[in-house]
Amino acid sequence: MTQQTGLEALSSESRRFEPPADLAAKANVSADAYEQAAADRLAFWAEQAGRLEWATPWTEIVDWQPPYAKWFVGGTLNVAVNCLDRHVAAGNGERVALHWVGEPDGDTRDLTYAELLRQVSMTANALTELGVQAGDRVCIYLPMVPEAVISMLACARIGAAHSVVFGGFSAQALVDRITDAGAKVVITADGGYRRGSASALKPAVDEALERCPDVTAVLVVKRTRQDVAWAEGRDHWWADLVDRQPESHSAQAFDAEQPLFLLYTSGTTGKPKGILHTSGGYLTQCAWTHWAVFDLKPESDVYWCTADVGWVTGHSYLVYGPLANGVTQVMYEGTPDAGGRDRWWSIVEQYKVSILYTAPTAIRTFMKWGEDLPGGRDLSSLRILGSVGEPINPEAWMWYRRVIGGDRCPVVDTWWQTETGAMMVSPLPGVTSCKPGSAMGPLPGISVDVVDGEGRSVGETGGGFLTLDEPWPAMLRGIWNDDSRYRDTYWSRFPGRYFAGDGAKWDDEHVLWLLGRVDDVMNISGHRISTTEVESALVSHPKVAEAAVVGASDETTGQAIVAFVTVKGTVDDLESGGDEFAQELRAHVAKEIGPIAKPRQIVISPELPKTRSGKIMRRLLVDIAERRELGDVTTLADPAVVQAIDDTMGAAAAKG
Ligand code: WTA
């Protein structure tokens with residue numbers, strides 16, 4: 001028996017939003033791209049690779065020995081030259097590359113492409129002086145300052161792979177990543193500004209390096225001017241070492257498959273995996289998708305990606321994609337509420353941001369804070385809005401479009417992963433008529449297939465597991481130091497296909513809906529219900545700000561739905577008491593999806609526990625829902641939240 005689900009109901013009812021006519025008329029990419037790519041996928045990608053500057057042309061587009069791919073075989077290029085030198089050579093050296101905005105108000109820096117090239121060249125020279133050579137690994141542990149971008153490009157320039165570790169990670173996380181990567185140099189800062197105050201970074205490096213004997217040098221950016229411990233001979237101030245270097249650096253071209261970076265992602269279990277990306281194919285797909293999906297006009301757009309450089313979105317869509325395309329962008333150091341809850345909107349107003357790329361969790365936070373804040377600022381410069389990182393519920397999609405986008409900006413929901421390197425599933429703003437909450441379908445040149453548990457394609461309609469059945473240029477090339485884990489994790493569940501770990505379904509119109517990680521799909525009395533669907537239903541209630549739903553084990557039904565909900569305003573504002581409101585929500589979900597999806601329990605909580613990258617910690621919520629011992633909370637943005645929720649549950653259990 002198939003259950004009528006919330007998303008089916010929404011997708012069949014929901015309006016479609018057509019591309020604005022003026023945008024469609026001048027769009028970078030038309031519907032022809034899909035036909036062209038379908039006719040000859042490899043020729044399509046070769047054409048996009050041709051948008052880059054190569055020192056030696058490739059002799060073969062792809063060498064595919066599943067599950068190992070080499071793209072643009074025999075070609076050589078320098079990634080940093082593609083992001084900097086060629087724009088300066090084309091006469092765009094005076095264009096601003098980065099409008100950097102620090103968290104403390106008024107703390108700003110503008111760097112043109114020429115200035116960025118000068119600083120990257122000096123840093124490349126400094127790294128060379130420290131003994132870094134092509135093929136080495138450099139660990140970067142920095143706040144959101146321009147030196148993070150400069151360091152990444154300096155590594156790329158000399159053919160060293162960077163491993164950026166998010167500034168919120170602990171000393172232990174640094175030890176694991178430095179050791180696994182075999183990094184010999186660490187680039188860090190005294191500290192950074194976050195949530196209104198200076199936080200320290202260097203002490204974590206000092207602690208970590210007691211256990212990393214192979215690190216020979218540490219380069220330290222002075223950001224907060226707090227006191228730091230100093231290891232003579234090992235530690236170097238950026239201002240001392242970099243600023244005295246020659247201002248030019250002649251860059252060598254590297255093989256298309258030269259490692260560009262490692263980026264560690266936590267699996268659900270076990271130690272973090274070092275995802276390996278290389279140069280030519282990665283840059284090709286980052287640059288093309290950034291240009292196509294945001295309909296980028298580098299001469300006039302001001303682009304802002306709010307992700308931290310410590311995550312893949314920061315790598316592909318703050319550093320490599322935008323800089324390869326030569327656009328002007330905003331980079332902001334701090335939190336959305338630093339200096340007022342309308343900080344983001346004041347930045348959009350001040351810099352006339354035209355493209356904004358952010359995450360649903362941020363959008364839902366702004367929904368909670370109310371329309372007046374963005375309403376008080378001039379957001380008319382915006383023309384395209386992007387979403388990434390998790391399924392965006394239709395309610396948040398609509399709010400984003402209406403309140404931030406003034407009902408005129410297309411919303412592009414982009415699905416991809418650290419492992420895919422670049423966007424895979426997304427609408428094109430000048431082509432696709434969008435359904436709120438859907439990433440619509442694969443981009444030109446990308447092949448996806450939804451399969452059932454036995455790996456059989458479900459065809460044009462139906463749900464199952466999202467797989468990628470053809471190689472793509474920006475695909476991961478492996479897991480650093482762990483080839484068998486690469487094959488097991490991604491290629492063994494459905495032999496011959498890359499399994500993304502996400503559930504997805506094609507609706508009746510062959511439109512793709514991402515349903516979250518498959519471990520988030522619940523099975524209630526034999527019926528599959530996605531946590532996302534229940535969350536969407538909850539968030540569609542006018543008083544709900546954010547919802548996280550987990551499947552907790554249940555004796556009778558297999559799993560039962562437990563929902564954690566935050567409300568707009570405060571809990572005390574609710575007219576009915578918390579218990580009554582929970583009943584109202586259960587009825588609401590029953591109405592939206594069906595009685596089967598009614599949460600067994602609804603916990604109304606002041607905040608939801610999130611990782612530092614803003615993802616809701618569902619596994620932790622499962623533990624709370626099942627009242628087990630709490631798991632590892634070191635990646636939690638605010639561990640106090642967990643305690644608060646746990647206390648609420650405890651009180652409820654005691655009452656019950
Ligand atoms: C989820 C972030 C639905 C998905 C770029 C994926 C999404 C995981 C979307 C990768 C989206 C990302 N809609 N789900 N638009 N974008 N995801 O590696 O579950 O941090 O597998 O990469 O985020 O997260 P990662």
# chains A, B, ... in the order shown; residues from 1 in each chain; ligands from 1
call {"tool": "residues_near_ligand", "arguments": {"ligand": "ligand 1", "cutoff": "7 Å", "atoms": "only C-alpha atoms and all ligand atoms", "output": "list of chain:residue names"}}
result
A:Thr265, A:Trp311, A:Val312, A:Thr313, A:Ser387, A:Val388, A:Gly389, A:Glu390, A:Pro391, A:Ile392, A:Asp413, A:Thr414, A:Trp415, A:Trp416, A:Gln417, A:Thr418, A:Glu419, A:Ala439, A:Ala500, A:Gly501, A:Asp502, A:Leu514, A:Leu515, A:Gly516, A:Arg517
call {"tool": "write_last_selection", "arguments": {"atoms": "N, CA and C atoms", "output": "mmCIF file, in the first residue's frame"}}
result
data_model
loop_
_atom_site.group_PDB
_atom_site.id
_atom_site.type_symbol
_atom_site.label_atom_id
_atom_site.label_comp_id
_atom_site.auth_asym_id
_atom_site.auth_seq_id
_atom_site.Cartn_x
_atom_site.Cartn_y
_atom_site.Cartn_z
ATOM 1 N N THR A 265 35.353 14.776 6.294
ATOM 2 C CA THR A 265 33.942 14.815 6.686
ATOM 3 C C THR A 265 33.713 13.675 7.666
ATOM 4 N N TRP A 311 34.084 24.318 5.239
ATOM 5 C CA TRP A 311 33.205 23.285 4.668
ATOM 6 C C TRP A 311 33.309 23.290 3.157
ATOM 7 N N VAL A 312 32.761 22.270 2.523
ATOM 8 C CA VAL A 312 32.952 22.154 1.075
ATOM 9 C C VAL A 312 32.296 23.313 0.322
ATOM 10 N N THR A 313 31.186 23.827 0.836
ATOM 11 C CA THR A 313 30.543 24.945 0.141
ATOM 12 C C THR A 313 31.483 26.137 0.098
ATOM 13 N N SER A 387 20.120 27.864 -2.219
ATOM 14 C CA SER A 387 20.010 27.113 -0.969
ATOM 15 C C SER A 387 20.844 25.847 -1.094
ATOM 16 N N VAL A 388 21.452 25.439 0.006
ATOM 17 C CA VAL A 388 22.294 24.236 -0.014
ATOM 18 C C VAL A 388 22.434 23.647 1.379
ATOM 19 N N GLY A 389 22.666 22.349 1.451
ATOM 20 C CA GLY A 389 23.094 21.727 2.697
ATOM 21 C C GLY A 389 22.102 20.767 3.292
ATOM 22 N N GLU A 390 20.848 20.971 3.041
ATOM 23 C CA GLU A 390 19.817 20.082 3.577
ATOM 24 C C GLU A 390 18.556 20.320 2.759
ATOM 25 N N PRO A 391 17.615 19.413 2.861
ATOM 26 C CA PRO A 391 16.385 19.643 2.120
ATOM 27 C C PRO A 391 15.741 20.941 2.613
ATOM 28 N N ILE A 392 15.262 21.747 1.693
ATOM 29 C CA ILE A 392 14.590 22.984 2.107
ATOM 30 C C ILE A 392 13.085 22.729 2.070
ATOM 31 N N ASP A 413 17.554 25.577 -5.448
ATOM 32 C CA ASP A 413 17.914 24.626 -4.393
ATOM 33 C C ASP A 413 18.923 23.663 -4.992
ATOM 34 N N THR A 414 20.141 23.670 -4.451
ATOM 35 C CA THR A 414 21.233 22.917 -5.062
ATOM 36 C C THR A 414 21.610 21.727 -4.192
ATOM 37 N N TRP A 415 21.523 20.523 -4.747
ATOM 38 C CA TRP A 415 21.932 19.330 -4.011
ATOM 39 C C TRP A 415 23.308 18.887 -4.465
ATOM 40 N N TRP A 416 24.157 18.663 -3.505
ATOM 41 C CA TRP A 416 25.479 18.073 -3.770
ATOM 42 C C TRP A 416 26.099 17.705 -2.444
ATOM 43 N N GLN A 417 27.341 17.224 -2.459
ATOM 44 C CA GLN A 417 27.993 16.738 -1.243
ATOM 45 C C GLN A 417 29.482 17.060 -1.280
ATOM 46 N N THR A 418 30.114 16.942 -0.113
ATOM 47 C CA THR A 418 31.575 17.059 -0.072
ATOM 48 C C THR A 418 32.175 16.145 -1.139
ATOM 49 N N GLU A 419 31.624 14.968 -1.249
ATOM 50 C CA GLU A 419 32.173 13.970 -2.166
ATOM 51 C C GLU A 419 31.945 14.323 -3.632
ATOM 52 N N ALA A 439 14.742 20.369 -5.589
ATOM 53 C CA ALA A 439 15.954 20.706 -6.347
ATOM 54 C C ALA A 439 15.773 20.371 -7.832
ATOM 55 N N ALA A 500 24.811 7.903 -2.836
ATOM 56 C CA ALA A 500 24.996 9.181 -2.157
ATOM 57 C C ALA A 500 24.589 9.148 -0.691
ATOM 58 N N GLY A 501 23.861 8.132 -0.266
ATOM 59 C CA GLY A 501 23.395 8.107 1.115
ATOM 60 C C GLY A 501 22.101 8.859 1.328
ATOM 61 N N ASP A 502 21.535 9.390 0.252
ATOM 62 C CA ASP A 502 20.293 10.148 0.365
ATOM 63 C C ASP A 502 19.128 9.383 -0.241
ATOM 64 N N LEU A 514 14.526 15.580 -2.867
ATOM 65 C CA LEU A 514 15.495 14.975 -1.965
ATOM 66 C C LEU A 514 14.829 14.757 -0.621
ATOM 67 N N LEU A 515 15.011 13.575 -0.062
ATOM 68 C CA LEU A 515 14.288 13.242 1.172
ATOM 69 C C LEU A 515 15.204 13.114 2.385
ATOM 70 N N GLY A 516 16.419 13.607 2.278
ATOM 71 C CA GLY A 516 17.325 13.523 3.426
ATOM 72 C C GLY A 516 18.109 12.227 3.405
ATOM 73 N N ARG A 517 19.008 12.104 4.359
ATOM 74 C CA ARG A 517 19.830 10.909 4.447
ATOM 75 C C ARG A 517 18.919 9.703 4.660
#
call {"tool": "residues_around", "arguments": {"residues": "Ala644 in chain A", "least_positions_apart": "6", "cutoff": "10 Å", "atoms": "only C-alpha atoms", "output": "ChimeraX atom specification"}}
result
/A:605-609,650
call {"tool": "residues_around", "arguments": {"residues": "Lys222 in chain A", "least_positions_apart": "2", "cutoff": "7 Å", "atoms": "only C-alpha atoms", "output": "PDB file with N, CA, C and O atoms, in the first residue's frame"}}
result
ATOM      1  N   ALA A 189      45.733  31.395  13.109  1.00  0.00           N
ATOM      2  CA  ALA A 189      45.683  32.791  13.564  1.00  0.00           C
ATOM      3  C   ALA A 189      45.694  32.781  15.082  1.00  0.00           C
ATOM      4  O   ALA A 189      45.404  31.754  15.708  1.00  0.00           O
ATOM      5  N   ASP A 190      45.978  33.948  15.666  1.00  0.00           N
ATOM      6  CA  ASP A 190      45.869  34.025  17.122  1.00  0.00           C
ATOM      7  C   ASP A 190      44.432  33.709  17.542  1.00  0.00           C
ATOM      8  O   ASP A 190      44.196  33.010  18.517  1.00  0.00           O
ATOM      9  N   VAL A 220      51.351  32.172  11.466  1.00  0.00           N
ATOM     10  CA  VAL A 220      50.296  32.686  12.336  1.00  0.00           C
ATOM     11  C   VAL A 220      49.834  34.086  11.896  1.00  0.00           C
ATOM     12  O   VAL A 220      50.625  35.034  11.878  1.00  0.00           O
ATOM     13  N   THR A 224      43.386  39.022  16.321  1.00  0.00           N
ATOM     14  CA  THR A 224      42.730  39.581  17.511  1.00  0.00           C
ATOM     15  C   THR A 224      43.716  40.246  18.471  1.00  0.00           C
ATOM     16  O   THR A 224      43.304  40.889  19.417  1.00  0.00           O
ATOM     17  N   ARG A 225      44.991  40.047  18.246  1.00  0.00           N
ATOM     18  CA  ARG A 225      46.057  40.610  19.082  1.00  0.00           C
ATOM     19  C   ARG A 225      46.029  40.087  20.508  1.00  0.00           C
ATOM     20  O   ARG A 225      46.479  40.742  21.433  1.00  0.00           O
TER      21      ARG A 225
END
call {"tool": "atom_distance", "arguments": {"atom1": "CA of Gly159 in chain A", "atom2": "CA of Ala126 in chain A"}}
result
14.0 Å
call {"tool": "select_by_dssp", "arguments": {"residues": "range 234-470 of chain A", "states": "helix (DSSP H, G or I)", "output": "mmCIF file with N, CA and C atoms, in the first residue's frame"}}
result
data_model
loop_
_atom_site.group_PDB
_atom_site.id
_atom_site.type_symbol
_atom_site.label_atom_id
_atom_site.label_comp_id
_atom_site.auth_asym_id
_atom_site.auth_seq_id
_atom_site.Cartn_x
_atom_site.Cartn_y
_atom_site.Cartn_z
ATOM 1 N N TRP A 238 52.729 35.802 10.234
ATOM 2 C CA TRP A 238 52.440 36.048 8.812
ATOM 3 C C TRP A 238 53.108 37.357 8.364
ATOM 4 N N ALA A 239 52.939 38.398 9.194
ATOM 5 C CA ALA A 239 53.452 39.716 8.806
ATOM 6 C C ALA A 239 54.970 39.713 8.661
ATOM 7 N N ASP A 240 55.660 38.870 9.428
ATOM 8 C CA ASP A 240 57.123 38.818 9.302
ATOM 9 C C ASP A 240 57.549 38.023 8.084
ATOM 10 N N LEU A 241 56.939 36.870 7.903
ATOM 11 C CA LEU A 241 57.423 35.965 6.858
ATOM 12 C C LEU A 241 56.862 36.300 5.475
ATOM 13 N N GLY A 280 41.850 19.640 -12.386
ATOM 14 C CA GLY A 280 41.213 20.078 -13.629
ATOM 15 C C GLY A 280 39.718 19.827 -13.678
ATOM 16 N N GLY A 281 39.293 18.611 -13.344
ATOM 17 C CA GLY A 281 37.871 18.284 -13.382
ATOM 18 C C GLY A 281 37.117 19.045 -12.314
ATOM 19 N N TYR A 282 37.695 19.121 -11.135
ATOM 20 C CA TYR A 282 37.056 19.839 -10.025
ATOM 21 C C TYR A 282 36.805 21.299 -10.413
ATOM 22 N N LEU A 283 37.847 21.953 -10.916
ATOM 23 C CA LEU A 283 37.687 23.381 -11.230
ATOM 24 C C LEU A 283 36.695 23.577 -12.377
ATOM 25 N N THR A 284 36.716 22.656 -13.326
ATOM 26 C CA THR A 284 35.780 22.737 -14.456
ATOM 27 C C THR A 284 34.333 22.754 -13.959
ATOM 28 N N GLN A 285 34.003 21.811 -13.091
ATOM 29 C CA GLN A 285 32.607 21.707 -12.654
ATOM 30 C C GLN A 285 32.235 22.819 -11.674
ATOM 31 N N CYS A 286 33.159 23.201 -10.783
ATOM 32 C CA CYS A 286 32.871 24.320 -9.870
ATOM 33 C C CYS A 286 32.595 25.584 -10.672
ATOM 34 N N ALA A 287 33.471 25.867 -11.635
ATOM 35 C CA ALA A 287 33.345 27.118 -12.382
ATOM 36 C C ALA A 287 32.080 27.109 -13.234
ATOM 37 N N TRP A 288 31.835 25.988 -13.899
ATOM 38 C CA TRP A 288 30.663 25.976 -14.782
ATOM 39 C C TRP A 288 29.356 26.046 -13.988
ATOM 40 N N THR A 289 29.246 25.245 -12.934
ATOM 41 C CA THR A 289 27.988 25.248 -12.171
ATOM 42 C C THR A 289 27.760 26.611 -11.522
ATOM 43 N N HIS A 290 28.824 27.230 -11.038
ATOM 44 C CA HIS A 290 28.668 28.547 -10.410
ATOM 45 C C HIS A 290 28.174 29.574 -11.415
ATOM 46 N N TRP A 291 28.657 29.468 -12.622
ATOM 47 C CA TRP A 291 28.286 30.402 -13.690
ATOM 48 C C TRP A 291 26.870 30.119 -14.207
ATOM 49 N N ALA A 292 26.532 28.837 -14.297
ATOM 50 C CA ALA A 292 25.239 28.458 -14.882
ATOM 51 C C ALA A 292 24.107 28.557 -13.860
ATOM 52 N N VAL A 293 24.319 28.038 -12.659
ATOM 53 C CA VAL A 293 23.236 27.940 -11.678
ATOM 54 C C VAL A 293 22.903 29.317 -11.083
ATOM 55 N N VAL A 312 32.761 22.270 2.523
ATOM 56 C CA VAL A 312 32.952 22.154 1.075
ATOM 57 C C VAL A 312 32.296 23.313 0.322
ATOM 58 N N THR A 313 31.186 23.827 0.836
ATOM 59 C CA THR A 313 30.543 24.945 0.141
ATOM 60 C C THR A 313 31.483 26.137 0.098
ATOM 61 N N GLY A 314 32.228 26.346 1.186
ATOM 62 C CA GLY A 314 33.217 27.418 1.201
ATOM 63 C C GLY A 314 34.349 27.167 0.207
ATOM 64 N N HIS A 315 34.735 25.918 0.029
ATOM 65 C CA HIS A 315 35.789 25.603 -0.941
ATOM 66 C C HIS A 315 35.302 25.870 -2.379
ATOM 67 N N SER A 316 34.164 25.273 -2.717
ATOM 68 C CA SER A 316 33.745 25.270 -4.124
ATOM 69 C C SER A 316 33.041 26.560 -4.527
ATOM 70 N N TYR A 317 32.310 27.176 -3.573
ATOM 71 C CA TYR A 317 31.490 28.331 -3.960
ATOM 72 C C TYR A 317 31.822 29.608 -3.198
ATOM 73 N N LEU A 318 32.953 29.608 -2.470
ATOM 74 C CA LEU A 318 33.471 30.874 -1.961
ATOM 75 C C LEU A 318 34.856 31.079 -2.554
ATOM 76 N N VAL A 319 35.606 29.978 -2.727
ATOM 77 C CA VAL A 319 36.954 30.130 -3.270
ATOM 78 C C VAL A 319 36.979 29.776 -4.771
ATOM 79 N N TYR A 320 36.893 28.506 -5.116
ATOM 80 C CA TYR A 320 37.271 28.121 -6.476
ATOM 81 C C TYR A 320 36.275 28.529 -7.572
ATOM 82 N N GLY A 321 34.987 28.296 -7.368
ATOM 83 C CA GLY A 321 34.027 28.649 -8.423
ATOM 84 C C GLY A 321 33.998 30.149 -8.698
ATOM 85 N N PRO A 322 33.709 30.965 -7.670
ATOM 86 C CA PRO A 322 33.601 32.406 -7.898
ATOM 87 C C PRO A 322 34.896 33.038 -8.401
ATOM 88 N N LEU A 323 36.038 32.624 -7.862
ATOM 89 C CA LEU A 323 37.283 33.260 -8.297
ATOM 90 C C LEU A 323 37.655 32.802 -9.705
ATOM 91 N N ALA A 324 37.377 31.547 -10.043
ATOM 92 C CA ALA A 324 37.625 31.117 -11.428
ATOM 93 C C ALA A 324 36.776 31.939 -12.391
ATOM 94 N N ASN A 325 35.595 32.373 -11.917
ATOM 95 C CA ASN A 325 34.714 33.151 -12.787
ATOM 96 C C ASN A 325 34.971 34.657 -12.712
ATOM 97 N N ARG A 343 21.997 42.038 10.590
ATOM 98 C CA ARG A 343 23.352 42.251 10.066
ATOM 99 C C ARG A 343 23.482 41.812 8.605
ATOM 100 N N TRP A 344 22.964 40.633 8.286
ATOM 101 C CA TRP A 344 23.073 40.140 6.906
ATOM 102 C C TRP A 344 22.412 41.105 5.928
ATOM 103 N N TRP A 345 21.255 41.591 6.341
ATOM 104 C CA TRP A 345 20.489 42.414 5.392
ATOM 105 C C TRP A 345 21.135 43.781 5.239
ATOM 106 N N SER A 346 21.826 44.238 6.295
ATOM 107 C CA SER A 346 22.549 45.495 6.146
ATOM 108 C C SER A 346 23.745 45.293 5.206
ATOM 109 N N ILE A 347 24.349 44.100 5.226
ATOM 110 C CA ILE A 347 25.463 43.814 4.305
ATOM 111 C C ILE A 347 24.949 43.749 2.858
ATOM 112 N N VAL A 348 23.809 43.095 2.668
ATOM 113 C CA VAL A 348 23.221 43.035 1.321
ATOM 114 C C VAL A 348 22.961 44.445 0.811
ATOM 115 N N GLU A 349 22.394 45.271 1.688
ATOM 116 C CA GLU A 349 22.063 46.651 1.304
ATOM 117 C C GLU A 349 23.334 47.435 0.968
ATOM 118 N N GLN A 350 24.329 47.338 1.848
ATOM 119 C CA GLN A 350 25.535 48.145 1.679
ATOM 120 C C GLN A 350 26.321 47.769 0.426
ATOM 121 N N TYR A 351 26.481 46.465 0.181
ATOM 122 C CA TYR A 351 27.307 46.042 -0.959
ATOM 123 C C TYR A 351 26.484 45.737 -2.196
ATOM 124 N N PRO A 360 19.212 26.318 4.398
ATOM 125 C CA PRO A 360 17.849 26.381 4.943
ATOM 126 C C PRO A 360 17.813 26.675 6.441
ATOM 127 N N THR A 361 18.798 26.178 7.176
ATOM 128 C CA THR A 361 18.773 26.405 8.610
ATOM 129 C C THR A 361 18.851 27.901 8.918
ATOM 130 N N ALA A 362 19.621 28.636 8.126
ATOM 131 C CA ALA A 362 19.689 30.086 8.308
ATOM 132 C C ALA A 362 18.343 30.715 7.952
ATOM 133 N N ILE A 363 17.768 30.261 6.868
ATOM 134 C CA ILE A 363 16.491 30.837 6.439
ATOM 135 C C ILE A 363 15.429 30.646 7.523
ATOM 136 N N ARG A 364 15.407 29.447 8.092
ATOM 137 C CA ARG A 364 14.393 29.201 9.131
ATOM 138 C C ARG A 364 14.652 30.028 10.387
ATOM 139 N N THR A 365 15.923 30.283 10.666
ATOM 140 C CA THR A 365 16.228 31.168 11.787
ATOM 141 C C THR A 365 15.682 32.568 11.520
ATOM 142 N N PHE A 366 15.880 33.050 10.306
ATOM 143 C CA PHE A 366 15.376 34.385 9.980
ATOM 144 C C PHE A 366 13.852 34.424 10.010
ATOM 145 N N MET A 367 13.227 33.316 9.625
ATOM 146 C CA MET A 367 11.756 33.264 9.698
ATOM 147 C C MET A 367 11.320 33.480 11.141
ATOM 148 N N LYS A 368 12.082 32.840 12.030
ATOM 149 C CA LYS A 368 11.767 32.930 13.447
ATOM 150 C C LYS A 368 11.942 34.369 13.952
ATOM 151 N N TRP A 369 12.944 35.054 13.423
ATOM 152 C CA TRP A 369 13.214 36.421 13.875
ATOM 153 C C TRP A 369 12.233 37.439 13.297
ATOM 154 N N ASP A 372 10.179 41.777 9.792
ATOM 155 C CA ASP A 372 10.480 43.202 9.892
ATOM 156 C C ASP A 372 11.949 43.515 9.660
ATOM 157 N N LEU A 373 12.827 42.578 10.079
ATOM 158 C CA LEU A 373 14.260 42.871 9.973
ATOM 159 C C LEU A 373 14.700 42.992 8.511
ATOM 160 N N PRO A 374 14.469 41.946 7.678
ATOM 161 C CA PRO A 374 14.816 42.156 6.265
ATOM 162 C C PRO A 374 13.958 43.254 5.636
ATOM 163 N N GLY A 375 12.717 43.391 6.123
ATOM 164 C CA GLY A 375 11.816 44.406 5.575
ATOM 165 C C GLY A 375 12.329 45.821 5.777
ATOM 166 N N PRO A 394 9.150 23.402 1.810
ATOM 167 C CA PRO A 394 8.449 24.351 0.943
ATOM 168 C C PRO A 394 8.131 25.676 1.640
ATOM 169 N N GLU A 395 7.810 25.596 2.921
ATOM 170 C CA GLU A 395 7.503 26.804 3.684
ATOM 171 C C GLU A 395 8.688 27.779 3.704
ATOM 172 N N ALA A 396 9.875 27.251 3.980
ATOM 173 C CA ALA A 396 11.079 28.098 4.018
ATOM 174 C C ALA A 396 11.418 28.603 2.614
ATOM 175 N N TRP A 397 11.237 27.750 1.636
ATOM 176 C CA TRP A 397 11.484 28.138 0.238
ATOM 177 C C TRP A 397 10.621 29.344 -0.127
ATOM 178 N N MET A 398 9.332 29.261 0.226
ATOM 179 C CA MET A 398 8.390 30.327 -0.112
ATOM 180 C C MET A 398 8.735 31.618 0.631
ATOM 181 N N TRP A 399 9.113 31.465 1.895
ATOM 182 C CA TRP A 399 9.468 32.641 2.693
ATOM 183 C C TRP A 399 10.698 33.315 2.108
ATOM 184 N N TYR A 400 11.696 32.507 1.760
ATOM 185 C CA TYR A 400 12.951 32.997 1.167
ATOM 186 C C TYR A 400 12.628 33.797 -0.100
ATOM 187 N N ARG A 401 11.801 33.206 -0.936
ATOM 188 C CA ARG A 401 11.464 33.860 -2.195
ATOM 189 C C ARG A 401 10.684 35.161 -1.962
ATOM 190 N N ARG A 402 9.722 35.103 -1.063
ATOM 191 C CA ARG A 402 8.826 36.251 -0.867
ATOM 192 C C ARG A 402 9.497 37.360 -0.067
ATOM 193 N N VAL A 403 10.053 36.992 1.111
ATOM 194 C CA VAL A 403 10.523 38.046 2.017
ATOM 195 C C VAL A 403 11.912 38.544 1.606
ATOM 196 N N ILE A 404 12.803 37.628 1.258
ATOM 197 C CA ILE A 404 14.161 38.061 0.895
ATOM 198 C C ILE A 404 14.206 38.416 -0.593
#
call {"tool": "closest_residue", "arguments": {"among": "A:Val425, A:Ser248, A:Gly464, A:Asn78", "to": "Ser447 in chain A", "atoms": "only C-alpha atoms"}}
result
A:Val425
call {"tool": "closest_residue", "arguments": {"among": "A:Trp64, A:Trp230, A:Tyr113, A:Trp472", "to": "Ile150 in chain A", "atoms": "only C-alpha atoms"}}
result
A:Tyr113
call {"tool": "residues_around", "arguments": {"residues": "range 595-601 of chain A", "least_positions_apart": "5", "cutoff": "7 Å", "atoms": "only C-alpha atoms", "output": "ChimeraX atom specification"}}
result
/A:534,560-563,586,589-590
call {"tool": "atom_distance", "arguments": {"atom1": "CA of Val81 in chain A", "atom2": "CA of Met152 in chain A"}}
result
12.8 Å
call {"tool": "atom_distance", "arguments": {"atom1": "CA of Leu385 in chain A", "atom2": "CA of Cys305 in chain A"}}
result
10.2 Å
call {"tool": "residues_around", "arguments": {"residues": "Phe17 in chain A", "least_positions_apart": "4", "cutoff": "7 Å", "atoms": "only C-alpha atoms", "output": "VMD selection string"}}
result
chain A and resid 433 to 435
call {"tool": "residues_around", "arguments": {"residues": "Gln172 in chain A", "least_positions_apart": "2", "cutoff": "9 Å", "atoms": "only C-alpha atoms", "output": "number ranges by chain"}}
result
A: 169-170, 174-177, 204, 207-208
call {"tool": "write_last_selection", "arguments": {"atoms": "N, CA and C atoms", "output": "tab-separated table (two decimals), in the first residue's frame"}}
result
chain	number	residue	atom	x	y	z
A	169	PHE	N	36.62	23.36	15.26
A	169	PHE	CA	37.02	22.02	15.71
A	169	PHE	C	38.06	22.09	16.81
A	170	SER	N	38.12	21.01	17.59
A	170	SER	CA	38.99	20.95	18.76
A	170	SER	C	40.41	20.53	18.39
A	174	LEU	N	42.07	18.33	15.23
A	174	LEU	CA	43.24	18.77	14.47
A	174	LEU	C	44.30	17.65	14.42
A	175	VAL	N	44.54	17.03	15.56
A	175	VAL	CA	45.54	15.95	15.60
A	175	VAL	C	45.16	14.87	14.59
A	176	ASP	N	43.92	14.44	14.63
A	176	ASP	CA	43.48	13.37	13.72
A	176	ASP	C	43.70	13.76	12.26
A	177	ARG	N	43.33	15.00	11.93
A	177	ARG	CA	43.40	15.43	10.53
A	177	ARG	C	44.83	15.68	10.09
A	204	ALA	N	44.82	25.77	20.45
A	204	ALA	CA	44.44	24.42	19.98
A	204	ALA	C	45.54	23.85	19.10
A	207	GLU	N	48.44	22.79	21.35
A	207	GLU	CA	48.13	21.53	22.03
A	207	GLU	C	48.22	20.37	21.05
A	208	ALA	N	47.65	20.57	19.86
A	208	ALA	CA	47.64	19.49	18.87
A	208	ALA	C	49.07	19.10	18.47
call {"tool": "closest_residue", "arguments": {"among": "A:Ala256, A:Val603, A:Pro444, A:Leu512", "to": "Gln583 in chain A", "atoms": "only C-alpha atoms"}}
result
A:Val603
call {"tool": "closest_residue", "arguments": {"among": "A:Arg244, A:Ser250, A:Ser151, A:Ala338", "to": "Asp105 in chain A", "atoms": "only C-alpha atoms"}}
result
A:Ala338
call {"tool": "select_by_dssp", "arguments": {"residues": "range 242-489 of chain A", "states": "strand (DSSP E or B)", "output": "VMD selection string"}}
result
chain A and resid 254 to 255 259 to 265 273 to 278 302 to 305 328 to 332 355 to 358 384 to 388 411 to 415 425 434 440 442 448 to 451 457 462 to 468 478 to 479
call {"tool": "residues_around", "arguments": {"residues": "Ile275 in chain A", "least_positions_apart": "4", "cutoff": "8 Å", "atoms": "only C-alpha atoms", "output": "ChimeraX atom specification"}}
result
/A:262-265,418-419,476-480
